[in-house]
$ cat upload-v4.pdb   # PDB, C-alpha atoms
ATOM      1  CA  MET A  77     127.758  -4.492  55.063  1.00  0.00           C
ATOM      2  CA  ASN A  78     127.700  -3.519  51.469  1.00  0.00           C
ATOM      3  CA  HIS A  79     126.039  -6.766  50.658  1.00  0.00           C
ATOM      4  CA  PHE A  80     123.345  -6.043  53.188  1.00  0.00           C
ATOM      5  CA  LEU A  81     122.799  -2.600  51.816  1.00  0.00           C
ATOM      6  CA  PHE A  82     122.559  -4.033  48.339  1.00  0.00           C
ATOM      7  CA  ARG A  83     120.002  -6.567  49.442  1.00  0.00           C
ATOM      8  CA  SER A  84     118.098  -3.878  51.219  1.00  0.00           C
ATOM      9  CA  GLY A  85     118.107  -1.792  48.058  1.00  0.00           C
ATOM     10  CA  GLU A  86     116.773  -4.675  46.044  1.00  0.00           C
ATOM     11  CA  GLN A  87     114.071  -5.343  48.567  1.00  0.00           C
ATOM     12  CA  GLY A  88     113.146  -1.640  48.588  1.00  0.00           C
ATOM     13  CA  ALA A  89     112.911  -1.631  44.845  1.00  0.00           C
ATOM     14  CA  GLU A  90     110.755  -4.739  44.879  1.00  0.00           C
ATOM     15  CA  LEU A  91     108.569  -3.220  47.546  1.00  0.00           C
ATOM     16  CA  SER A  92     108.163  -0.093  45.476  1.00  0.00           C
ATOM     17  CA  ALA A  93     107.288  -2.200  42.489  1.00  0.00           C
ATOM     18  CA  VAL A  94     104.797  -4.213  44.513  1.00  0.00           C
ATOM     19  CA  THR A  95     103.400  -1.002  45.934  1.00  0.00           C
ATOM     20  CA  LEU A  96     102.983   0.385  42.455  1.00  0.00           C
ATOM     21  CA  ARG A  97     101.347  -2.799  41.300  1.00  0.00           C
ATOM     22  CA  LEU A  98      99.139  -2.789  44.355  1.00  0.00           C
ATOM     23  CA  ASN A  99      98.147   0.806  43.768  1.00  0.00           C
ATOM     24  CA  HIS A 100      97.467   0.040  40.127  1.00  0.00           C
ATOM     25  CA  THR A 101      95.484  -3.032  41.062  1.00  0.00           C
ATOM     26  CA  GLU A 102      93.508  -1.070  43.624  1.00  0.00           C
ATOM     27  CA  GLU A 103      92.798   1.586  41.015  1.00  0.00           C
ATOM     28  CA  GLN A 104      91.665  -1.122  38.625  1.00  0.00           C
ATOM     29  CA  LEU A 105      89.589  -2.645  41.420  1.00  0.00           C
ATOM     30  CA  ASP A 106      88.019   0.744  42.174  1.00  0.00           C
ATOM     31  CA  GLU A 107      87.344   1.200  38.490  1.00  0.00           C
ATOM     32  CA  LEU A 108      85.892  -2.290  38.247  1.00  0.00           C
ATOM     33  CA  THR A 109      83.802  -1.649  41.343  1.00  0.00           C
ATOM     34  CA  THR A 110      82.520   1.545  39.830  1.00  0.00           C
ATOM     35  CA  GLN A 111      81.839  -0.231  36.571  1.00  0.00           C
ATOM     36  CA  HIS A 112      80.148  -3.031  38.476  1.00  0.00           C
ATOM     37  CA  THR A 113      77.960  -0.551  40.312  1.00  0.00           C
ATOM     38  CA  VAL A 114      77.046   1.143  37.022  1.00  0.00           C
ATOM     39  CA  ARG A 115      76.423  -2.218  35.367  1.00  0.00           C
ATOM     40  CA  ALA A 116      74.359  -3.322  38.345  1.00  0.00           C
ATOM     41  CA  ALA A 117      72.260  -0.160  38.083  1.00  0.00           C
ATOM     42  CA  GLU A 118      71.928  -0.626  34.327  1.00  0.00           C
ATOM     43  CA  LEU A 119      71.065  -4.271  34.865  1.00  0.00           C
ATOM     44  CA  ALA A 120      68.434  -3.337  37.431  1.00  0.00           C
ATOM     45  CA  SER A 121      66.999  -0.787  35.011  1.00  0.00           C
ATOM     46  CA  VAL A 122      67.037  -3.318  32.180  1.00  0.00           C
ATOM     47  CA  SER A 123      65.459  -5.880  34.496  1.00  0.00           C
ATOM     48  CA  ASP A 124      62.696  -3.412  35.371  1.00  0.00           C
ATOM     49  CA  ARG A 125      62.210  -2.674  31.702  1.00  0.00           C
ATOM     50  CA  VAL A 126      62.115  -6.386  30.921  1.00  0.00           C
ATOM     51  CA  THR A 127      59.555  -6.906  33.696  1.00  0.00           C
ATOM     52  CA  THR A 128      57.488  -3.998  32.358  1.00  0.00           C
ATOM     53  CA  ALA A 129      57.875  -5.307  28.814  1.00  0.00           C
ATOM     54  CA  GLN A 130      56.804  -8.778  29.930  1.00  0.00           C
ATOM     55  CA  ARG A 131      53.772  -7.304  31.696  1.00  0.00           C
ATOM     56  CA  ASP A 132      52.937  -5.198  28.650  1.00  0.00           C
ATOM     57  CA  THR A 133      53.457  -8.258  26.470  1.00  0.00           C
ATOM     58  CA  GLN A 134      51.027 -10.241  28.621  1.00  0.00           C
ATOM     59  CA  VAL A 135      48.483  -7.416  28.407  1.00  0.00           C
ATOM     60  CA  LEU A 136      48.981  -7.193  24.659  1.00  0.00           C
ATOM     61  CA  GLN A 137      48.709 -10.975  24.424  1.00  0.00           C
ATOM     62  CA  VAL A 138      45.388 -10.874  26.266  1.00  0.00           C
ATOM     63  CA  ARG A 139      44.176  -8.027  24.044  1.00  0.00           C
ATOM     64  CA  LEU A 140      45.431  -9.856  20.972  1.00  0.00           C
ATOM     65  CA  THR A 141      43.624 -13.029  22.031  1.00  0.00           C
ATOM     66  CA  ALA A 142      40.419 -11.051  22.638  1.00  0.00           C
ATOM     67  CA  ALA A 143      40.847  -9.222  19.315  1.00  0.00           C
ATOM     68  CA  GLU A 144      41.426 -12.494  17.478  1.00  0.00           C
ATOM     69  CA  ALA A 145      38.346 -14.006  19.114  1.00  0.00           C
ATOM     70  CA  GLU A 146      36.291 -10.941  18.188  1.00  0.00           C
ATOM     71  CA  ALA A 147      37.735 -11.040  14.668  1.00  0.00           C
ATOM     72  CA  ASN A 148      36.736 -14.697  14.380  1.00  0.00           C
ATOM     73  CA  GLN A 149      33.226 -13.886  15.589  1.00  0.00           C
ATOM     74  CA  LEU A 150      32.974 -11.003  13.158  1.00  0.00           C
ATOM     75  CA  LYS A 151      34.276 -13.249  10.421  1.00  0.00           C
ATOM     76  CA  MET A 152      31.634 -15.872  11.206  1.00  0.00           C
ATOM     77  CA  LYS A 153      28.948 -13.164  11.370  1.00  0.00           C
ATOM     78  CA  SER A 154      30.199 -11.727   8.094  1.00  0.00           C
ATOM     79  CA  GLU A 155      30.086 -15.159   6.483  1.00  0.00           C
ATOM     80  CA  ALA A 156      26.587 -15.699   7.855  1.00  0.00           C
ATOM     81  CA  GLN A 157      25.489 -12.254   6.635  1.00  0.00           C
ATOM     82  CA  SER A 158      27.074 -12.932   3.273  1.00  0.00           C
ATOM     83  CA  ALA A 159      25.157 -16.207   3.017  1.00  0.00           C
ATOM     84  CA  LEU A 160      21.960 -14.445   4.135  1.00  0.00           C
ATOM     85  CA  LEU A 161      22.597 -11.646   1.655  1.00  0.00           C
ATOM     86  CA  THR A 162      23.058 -14.169  -1.121  1.00  0.00           C
ATOM     87  CA  GLU A 163      19.859 -15.942  -0.125  1.00  0.00           C
ATOM     88  CA  THR A 164      17.988 -12.651   0.207  1.00  0.00           C
ATOM     89  CA  SER A 165      19.286 -11.479  -3.161  1.00  0.00           C
ATOM     90  CA  SER A 166      18.141 -14.740  -4.689  1.00  0.00           C
ATOM     91  CA  ARG A 167      14.722 -14.390  -3.057  1.00  0.00           C
ATOM     92  CA  LEU A 168      14.543 -10.763  -4.205  1.00  0.00           C
ATOM     93  CA  ASP A 169      15.341 -11.808  -7.774  1.00  0.00           C
ATOM     94  CA  THR A 170      12.642 -14.465  -7.515  1.00  0.00           C
ATOM     95  CA  ALA A 171      10.184 -11.948  -6.034  1.00  0.00           C
ATOM     96  CA  GLU A 172      10.971  -9.390  -8.735  1.00  0.00           C
ATOM     97  CA  SER A 173      10.518 -12.035 -11.388  1.00  0.00           C
ATOM     98  CA  ARG A 174       7.268 -13.105  -9.757  1.00  0.00           C
ATOM     99  CA  SER A 175       6.178  -9.462  -9.466  1.00  0.00           C
ATOM    100  CA  THR A 176       6.887  -8.914 -13.144  1.00  0.00           C
ATOM    101  CA  GLU A 177       4.924 -12.037 -13.996  1.00  0.00           C
ATOM    102  CA  LEU A 178       2.013 -10.938 -11.799  1.00  0.00           C
ATOM    103  CA  GLU A 179       2.107  -7.458 -13.323  1.00  0.00           C
ATOM    104  CA  VAL A 180       1.882  -8.963 -16.792  1.00  0.00           C
ATOM    105  CA  ARG A 181      -0.958 -11.216 -15.670  1.00  0.00           C
ATOM    106  CA  LEU A 182      -2.678  -8.237 -14.030  1.00  0.00           C
ATOM    107  CA  ARG A 183      -2.469  -6.221 -17.240  1.00  0.00           C
ATOM    108  CA  VAL A 184      -3.826  -9.152 -19.211  1.00  0.00           C
ATOM    109  CA  GLY A 185      -6.587  -9.574 -16.638  1.00  0.00           C
ATOM    110  CA  GLU A 186      -7.427  -5.880 -16.725  1.00  0.00           C
ATOM    111  CA  LYS A 187      -7.622  -5.951 -20.511  1.00  0.00           C
ATOM    112  CA  GLN A 188      -9.803  -9.045 -20.367  1.00  0.00           C
ATOM    113  CA  LEU A 189     -11.989  -7.412 -17.717  1.00  0.00           C
ATOM    114  CA  GLU A 190     -12.216  -4.244 -19.776  1.00  0.00           C
ATOM    115  CA  HIS A 191     -13.148  -6.347 -22.773  1.00  0.00           C
ATOM    116  CA  LEU A 192     -15.740  -8.216 -20.742  1.00  0.00           C
ATOM    117  CA  ASP A 193     -17.103  -4.948 -19.354  1.00  0.00           C
ATOM    118  CA  THR A 194     -17.324  -3.587 -22.881  1.00  0.00           C
ATOM    119  CA  GLU A 195     -19.012  -6.735 -24.073  1.00  0.00           C
ATOM    120  CA  SER A 196     -21.294  -6.692 -21.049  1.00  0.00           C
ATOM    121  CA  THR A 197     -22.209  -3.055 -21.663  1.00  0.00           C
ATOM    122  CA  ASP A 198     -22.645  -3.597 -25.378  1.00  0.00           C
ATOM    123  CA  GLU A 199     -24.830  -6.618 -24.782  1.00  0.00           C
ATOM    124  CA  LEU A 200     -26.826  -5.089 -21.914  1.00  0.00           C
ATOM    125  CA  LYS A 201     -30.510  -5.238 -22.737  1.00  0.00           C
ATOM    126  CA  VAL A 202     -32.985  -3.143 -20.768  1.00  0.00           C
ATOM    127  CA  ALA A 203     -36.684  -2.795 -21.629  1.00  0.00           C
ATOM    128  CA  PHE A 204     -39.992  -2.843 -19.771  1.00  0.00           C
ATOM    129  CA  SER A 205     -43.723  -2.288 -20.241  1.00  0.00           C
ATOM    130  CA  ALA A 206     -46.304  -2.250 -17.476  1.00  0.00           C
ATOM    131  CA  GLY A 207     -50.049  -1.681 -17.245  1.00  0.00           C
ATOM    132  CA  LEU A 208     -51.527   0.483 -14.506  1.00  0.00           C
ATOM    133  CA  THR A 209     -54.217  -1.720 -12.898  1.00  0.00           C
ATOM    134  CA  ASP A 210     -57.155  -4.054 -13.478  1.00  0.00           C
ATOM    135  CA  SER A 211     -59.227  -2.298 -10.824  1.00  0.00           C
ATOM    136  CA  GLY A 212     -60.717   0.558 -12.882  1.00  0.00           C
ATOM    137  CA  SER A 213     -60.370   4.134 -11.646  1.00  0.00           C
ATOM    138  CA  VAL A 214     -57.184   5.407  -9.999  1.00  0.00           C
ATOM    139  CA  GLY A 215     -57.608   8.666  -8.052  1.00  0.00           C
ATOM    140  CA  PRO A 216     -58.447  11.339  -7.476  1.00  0.00           C
ATOM    141  CA  PHE A 217     -56.064  11.795  -4.493  1.00  0.00           C
ATOM    142  CA  ASP A 218     -55.698  14.689  -2.082  1.00  0.00           C
ATOM    143  CA  GLU A 219     -52.023  15.097  -3.017  1.00  0.00           C
ATOM    144  CA  GLU A 220     -49.751  14.216  -5.914  1.00  0.00           C
ATOM    145  CA  THR A 221     -49.105  10.449  -5.930  1.00  0.00           C
ATOM    146  CA  THR A 222     -46.602   8.212  -7.723  1.00  0.00           C
ATOM    147  CA  LEU A 223     -48.422   5.859 -10.069  1.00  0.00           C
ATOM    148  CA  ILE A 224     -47.639   2.195  -9.560  1.00  0.00           C
ATOM    149  CA  PHE A 225     -47.960   0.363 -12.862  1.00  0.00           C
ATOM    150  CA  SER A 226     -48.306  -3.038 -11.245  1.00  0.00           C
ATOM    151  CA  LYS A 227     -49.068  -5.207 -14.289  1.00  0.00           C
ATOM    152  CA  THR A 228     -45.616  -6.105 -15.626  1.00  0.00           C
ATOM    153  CA  ILE A 229     -45.853  -7.052 -19.274  1.00  0.00           C
ATOM    154  CA  SER A 230     -42.091  -7.274 -19.800  1.00  0.00           C
ATOM    155  CA  ASN A 231     -39.095  -6.379 -17.636  1.00  0.00           C
ATOM    156  CA  VAL A 232     -35.856  -7.309 -19.436  1.00  0.00           C
ATOM    157  CA  GLY A 233     -32.886  -6.404 -17.224  1.00  0.00           C
ATOM    158  CA  ARG A 234     -35.197  -6.030 -14.188  1.00  0.00           C
ATOM    159  CA  ALA A 235     -34.653  -2.281 -13.984  1.00  0.00           C
ATOM    160  CA  TYR A 236     -38.347  -1.556 -13.365  1.00  0.00           C
ATOM    161  CA  ASN A 237     -39.700  -2.034  -9.828  1.00  0.00           C
ATOM    162  CA  GLN A 238     -43.402  -2.929 -10.137  1.00  0.00           C
ATOM    163  CA  THR A 239     -43.901  -2.551  -6.373  1.00  0.00           C
ATOM    164  CA  ALA A 240     -42.670   1.048  -6.255  1.00  0.00           C
ATOM    165  CA  GLY A 241     -43.537   2.011  -9.856  1.00  0.00           C
ATOM    166  CA  VAL A 242     -39.982   3.284 -10.404  1.00  0.00           C
ATOM    167  CA  PHE A 243     -37.460   2.571 -13.175  1.00  0.00           C
ATOM    168  CA  THR A 244     -33.779   2.764 -12.098  1.00  0.00           C
ATOM    169  CA  ALA A 245     -31.091   3.139 -14.771  1.00  0.00           C
ATOM    170  CA  PRO A 246     -28.592   0.243 -14.474  1.00  0.00           C
ATOM    171  CA  VAL A 247     -25.927   2.047 -16.559  1.00  0.00           C
ATOM    172  CA  ARG A 248     -25.168   5.531 -17.846  1.00  0.00           C
ATOM    173  CA  GLY A 249     -26.856   5.937 -21.215  1.00  0.00           C
ATOM    174  CA  VAL A 250     -29.711   7.293 -23.309  1.00  0.00           C
ATOM    175  CA  TYR A 251     -33.152   5.806 -22.567  1.00  0.00           C
ATOM    176  CA  PHE A 252     -36.477   6.147 -24.311  1.00  0.00           C
ATOM    177  CA  PHE A 253     -39.746   6.346 -22.338  1.00  0.00           C
ATOM    178  CA  CYS A 254     -43.351   6.512 -23.467  1.00  0.00           C
ATOM    179  CA  TYR A 255     -46.709   6.339 -21.752  1.00  0.00           C
ATOM    180  CA  THR A 256     -50.441   6.396 -22.411  1.00  0.00           C
ATOM    181  CA  ALA A 257     -53.032   7.472 -19.811  1.00  0.00           C
ATOM    182  CA  ALA A 258     -56.815   7.046 -20.219  1.00  0.00           C
ATOM    183  CA  ASP A 259     -60.066   7.961 -18.460  1.00  0.00           C
ATOM    184  CA  TYR A 260     -63.783   7.770 -19.298  1.00  0.00           C
ATOM    185  CA  LEU A 261     -65.415  10.303 -16.953  1.00  0.00           C
ATOM    186  CA  LYS A 262     -65.714  14.058 -17.417  1.00  0.00           C
ATOM    187  CA  GLY A 263     -62.897  16.051 -15.850  1.00  0.00           C
ATOM    188  CA  TYR A 264     -59.158  16.618 -16.028  1.00  0.00           C
ATOM    189  CA  MET A 265     -56.774  13.804 -16.673  1.00  0.00           C
ATOM    190  CA  GLY A 266     -53.018  14.015 -16.848  1.00  0.00           C
ATOM    191  CA  LEU A 267     -49.710  13.048 -15.258  1.00  0.00           C
ATOM    192  CA  TYR A 268     -46.061  14.049 -14.706  1.00  0.00           C
ATOM    193  CA  LEU A 269     -42.932  12.185 -15.791  1.00  0.00           C
ATOM    194  CA  TYR A 270     -40.127  12.646 -13.268  1.00  0.00           C
ATOM    195  CA  ARG A 271     -36.377  12.105 -13.509  1.00  0.00           C
ATOM    196  CA  ASN A 272     -35.343  11.660  -9.883  1.00  0.00           C
ATOM    197  CA  ASP A 273     -37.226  14.505  -8.164  1.00  0.00           C
ATOM    198  CA  GLN A 274     -37.399  16.834 -11.187  1.00  0.00           C
ATOM    199  CA  PRO A 275     -40.482  16.874 -13.463  1.00  0.00           C
ATOM    200  CA  VAL A 276     -39.587  16.493 -17.139  1.00  0.00           C
ATOM    201  CA  ILE A 277     -43.000  16.279 -18.856  1.00  0.00           C
ATOM    202  CA  PHE A 278     -46.524  17.228 -17.834  1.00  0.00           C
ATOM    203  CA  ASN A 279     -49.499  15.982 -19.870  1.00  0.00           C
ATOM    204  CA  LEU A 280     -52.950  17.530 -19.405  1.00  0.00           C
ATOM    205  CA  ASP A 281     -56.264  16.794 -21.081  1.00  0.00           C
ATOM    206  CA  LEU A 282     -59.871  17.756 -20.363  1.00  0.00           C
ATOM    207  CA  ASN A 283     -62.431  15.024 -20.922  1.00  0.00           C
ATOM    208  CA  ASP A 284     -65.533  17.134 -21.529  1.00  0.00           C
ATOM    209  CA  HIS A 285     -67.700  14.565 -23.290  1.00  0.00           C
ATOM    210  CA  GLY A 286     -67.736  11.798 -20.705  1.00  0.00           C
ATOM    211  CA  GLY A 287     -66.485   9.040 -23.005  1.00  0.00           C
ATOM    212  CA  TYR A 288     -63.145   7.321 -23.183  1.00  0.00           C
ATOM    213  CA  ALA A 289     -60.248   9.698 -23.706  1.00  0.00           C
ATOM    214  CA  SER A 290     -56.501   9.240 -23.600  1.00  0.00           C
ATOM    215  CA  THR A 291     -53.271  11.208 -23.656  1.00  0.00           C
ATOM    216  CA  SER A 292     -49.742  10.032 -24.446  1.00  0.00           C
ATOM    217  CA  ASN A 293     -46.190  11.287 -24.736  1.00  0.00           C
ATOM    218  CA  SER A 294     -42.611  10.080 -25.133  1.00  0.00           C
ATOM    219  CA  VAL A 295     -39.115  11.342 -24.448  1.00  0.00           C
ATOM    220  CA  ALA A 296     -35.448  10.301 -24.761  1.00  0.00           C
ATOM    221  CA  LEU A 297     -33.483  10.952 -21.573  1.00  0.00           C
ATOM    222  CA  GLN A 298     -29.801  10.793 -20.826  1.00  0.00           C
ATOM    223  CA  LEU A 299     -29.518   9.108 -17.430  1.00  0.00           C
ATOM    224  CA  GLU A 300     -26.658   8.410 -15.053  1.00  0.00           C
ATOM    225  CA  GLU A 301     -26.388   5.041 -13.393  1.00  0.00           C
ATOM    226  CA  GLY A 302     -28.891   5.018 -10.518  1.00  0.00           C
ATOM    227  CA  ASP A 303     -31.159   7.762 -11.890  1.00  0.00           C
ATOM    228  CA  ARG A 304     -34.873   7.064 -11.324  1.00  0.00           C
ATOM    229  CA  VAL A 305     -37.836   7.655 -13.675  1.00  0.00           C
ATOM    230  CA  ARG A 306     -41.480   7.501 -12.585  1.00  0.00           C
ATOM    231  CA  LEU A 307     -44.974   8.761 -13.465  1.00  0.00           C
ATOM    232  CA  SER A 308     -46.988  10.798 -10.978  1.00  0.00           C
ATOM    233  CA  LEU A 309     -50.695  11.688 -10.797  1.00  0.00           C
ATOM    234  CA  PRO A 310     -51.447  15.304  -9.713  1.00  0.00           C
ATOM    235  CA  ALA A 311     -53.888  15.920  -6.862  1.00  0.00           C
ATOM    236  CA  SER A 312     -57.606  15.762  -7.892  1.00  0.00           C
ATOM    237  CA  TYR A 313     -56.725  14.083 -11.219  1.00  0.00           C
ATOM    238  CA  ARG A 314     -58.008  10.632 -12.216  1.00  0.00           C
ATOM    239  CA  LEU A 315     -57.043   7.791 -14.593  1.00  0.00           C
ATOM    240  CA  TYR A 316     -58.647   4.568 -15.647  1.00  0.00           C
ATOM    241  CA  ASP A 317     -57.389   1.089 -16.547  1.00  0.00           C
ATOM    242  CA  ASP A 318     -58.648  -2.464 -16.665  1.00  0.00           C
ATOM    243  CA  SER A 319     -57.616  -5.756 -18.211  1.00  0.00           C
ATOM    244  CA  ARG A 320     -57.519  -4.076 -21.633  1.00  0.00           C
ATOM    245  CA  ASN A 321     -54.490  -1.968 -20.562  1.00  0.00           C
ATOM    246  CA  PHE A 322     -55.695   1.526 -21.394  1.00  0.00           C
ATOM    247  CA  SER A 323     -52.863   3.064 -19.353  1.00  0.00           C
ATOM    248  CA  LEU A 324     -49.299   1.899 -20.047  1.00  0.00           C
ATOM    249  CA  PHE A 325     -45.763   2.907 -19.031  1.00  0.00           C
ATOM    250  CA  SER A 326     -42.806   1.679 -21.133  1.00  0.00           C
ATOM    251  CA  GLY A 327     -39.092   2.337 -21.517  1.00  0.00           C
ATOM    252  CA  PHE A 328     -35.883   0.848 -22.865  1.00  0.00           C
ATOM    253  CA  LEU A 329     -32.146   1.532 -23.218  1.00  0.00           C
ATOM    254  CA  LEU A 330     -31.248   3.062 -26.568  1.00  0.00           C
ATOM    255  CA  PHE A 331     -27.458   2.863 -26.047  1.00  0.00           C
ATOM    256  CA  PRO A 332     -24.982   3.143 -23.166  1.00  0.00           C
ATOM    257  CA  LEU A 333     -22.542   6.054 -22.817  1.00  0.00           C
TER     258      LEU A 333
END
$ encode --input "upload-v4.pdb" --output "structure tokens"
Amino acid sequence: MNHFLFRSGEQGAELSAVTLRLNHTEEQLDELTTQHTVRAAELASVSDRVTTAQRDTQVLQVRLTAAEAEANQLKMKSEAQSALLTETSSRLDTAESRSTELEVRLRVGEKQLEHLDTESTDELKVAFSAGLTDSGSVGPFDEETTLIFSKTISNVGRAYNQTAGVFTAPVRGVYFFCYTAADYLKGYMGLYLYRNDQPVIFNLDLNDHGGYASTSNSVALQLEEGDRVRLSLPASYRLYDDSRNFSLFSGFLLFPL
């Protein structure tokens, strides 16, 4: 009986020990379960973050690829622009050098032209003489009339127009003009000398003896290029000329200005 009680005590002690171990194990299991649940949640969160990171990485990879492609294009464009800039700079240097050369040549040409103009002006020769007519009497007319000295004796420089009876100054300068007018009948004889449309000289003479008579005058005029000089017969006045050249109109350039 005592032996049985002893065995029962041992078994009870073992059972208590097992129960304690079981309780401890269950506590550990609960703790491990809790830890597992936490770890599972953490793992799920990490997994989501990894998935998000992978997605972001793919997006960044795409953007990086696009950026690299754009960078390569920009690099190629930059290299092309750099080459073009170098070429343009070279062409600009050439153009500037050419421009400088042309400017020098232009200055030389202008000086040569100026020299030639000076020489041309200095060497310009202008002189004319013309007789009035071979037909005898000229006038009288009902109104003042430009005299056409149609018999050109000389016309150096071709400034005198024998068809119109007008001298036109080819350059700005001082010119000398002279004229002689004749008649052989009684009455008034005379004429005007005009510069453009302004009278400069008026000669008047009365032939009261009926023989040959003449009048003459001369003047130095400063003319601008294009100014015109002519002789004009007043209304009711008369002149005479024939092959002996009683009536003459002459002029020449003294010097240019």
$ residues_around --input "upload-v4.pdb" --residues "stretch 205-216 of chain A" --least-positions-apart "3" --cutoff "8 Å" --atoms "all atoms listed in the file" --output "PyMOL selection string"
chain A and resi 223-231+238+259+311-319+321-327
$ write_last_selection --input "upload-v4.pdb" --atoms "C-alpha atoms" --output "mmCIF file, in the frame of the given file"
data_model
loop_
_atom_site.group_PDB
_atom_site.id
_atom_site.type_symbol
_atom_site.label_atom_id
_atom_site.label_comp_id
_atom_site.auth_asym_id
_atom_site.auth_seq_id
_atom_site.Cartn_x
_atom_site.Cartn_y
_atom_site.Cartn_z
ATOM 1 C CA LEU A 223 -48.422 5.859 -10.069
ATOM 2 C CA ILE A 224 -47.639 2.195 -9.560
ATOM 3 C CA PHE A 225 -47.960 0.363 -12.862
ATOM 4 C CA SER A 226 -48.306 -3.038 -11.245
ATOM 5 C CA LYS A 227 -49.068 -5.207 -14.289
ATOM 6 C CA THR A 228 -45.616 -6.105 -15.626
ATOM 7 C CA ILE A 229 -45.853 -7.052 -19.274
ATOM 8 C CA SER A 230 -42.091 -7.274 -19.800
ATOM 9 C CA ASN A 231 -39.095 -6.379 -17.636
ATOM 10 C CA GLN A 238 -43.402 -2.929 -10.137
ATOM 11 C CA ASP A 259 -60.066 7.961 -18.460
ATOM 12 C CA ALA A 311 -53.888 15.920 -6.862
ATOM 13 C CA SER A 312 -57.606 15.762 -7.892
ATOM 14 C CA TYR A 313 -56.725 14.083 -11.219
ATOM 15 C CA ARG A 314 -58.008 10.632 -12.216
ATOM 16 C CA LEU A 315 -57.043 7.791 -14.593
ATOM 17 C CA TYR A 316 -58.647 4.568 -15.647
ATOM 18 C CA ASP A 317 -57.389 1.089 -16.547
ATOM 19 C CA ASP A 318 -58.648 -2.464 -16.665
ATOM 20 C CA SER A 319 -57.616 -5.756 -18.211
ATOM 21 C CA ASN A 321 -54.490 -1.968 -20.562
ATOM 22 C CA PHE A 322 -55.695 1.526 -21.394
ATOM 23 C CA SER A 323 -52.863 3.064 -19.353
ATOM 24 C CA LEU A 324 -49.299 1.899 -20.047
ATOM 25 C CA PHE A 325 -45.763 2.907 -19.031
ATOM 26 C CA SER A 326 -42.806 1.679 -21.133
ATOM 27 C CA GLY A 327 -39.092 2.337 -21.517
#
$ atom_distance --input "upload-v4.pdb" --atom1 "atom CA of A:Asp281" --atom2 "atom CA of A:Gly263"
8.5 Å
$ atom_distance --input "upload-v4.pdb" --atom1 "atom CA of A:Thr128" --atom2 "atom CA of A:Ala116"
17.9 Å
$ resolve_selection --input "upload-v4.pdb" --expression "the PyMOL selection byres ((chain A and resi 257) around 6)" --output "list of chain:residue names"
A:Thr256, A:Ala258, A:Ser290, A:Thr291, A:Ser323
$ atom_distance --input "upload-v4.pdb" --atom1 "atom CA of A:Arg320" --atom2 "atom CA of A:Thr244"
26.5 Å
$ residues_around --input "upload-v4.pdb" --residues "A:Tyr270" --least-positions-apart "6" --cutoff "10 Å" --atoms "only C-alpha atoms" --output "ChimeraX atom specification"
/A:222,242,276-278,304-308
$ resolve_selection --input "upload-v4.pdb" --expression "the PyMOL selection byres ((chain A and resi 246) around 6)" --output "ChimeraX atom specification"
/A:245,247,301
$ resolve_selection --input "upload-v4.pdb" --expression "the PyMOL selection byres ((chain A and resi 293-296) around 9)" --output "VMD selection string"
chain A and resid 250 to 256 276 to 277 279 291 to 292 297 to 298 330
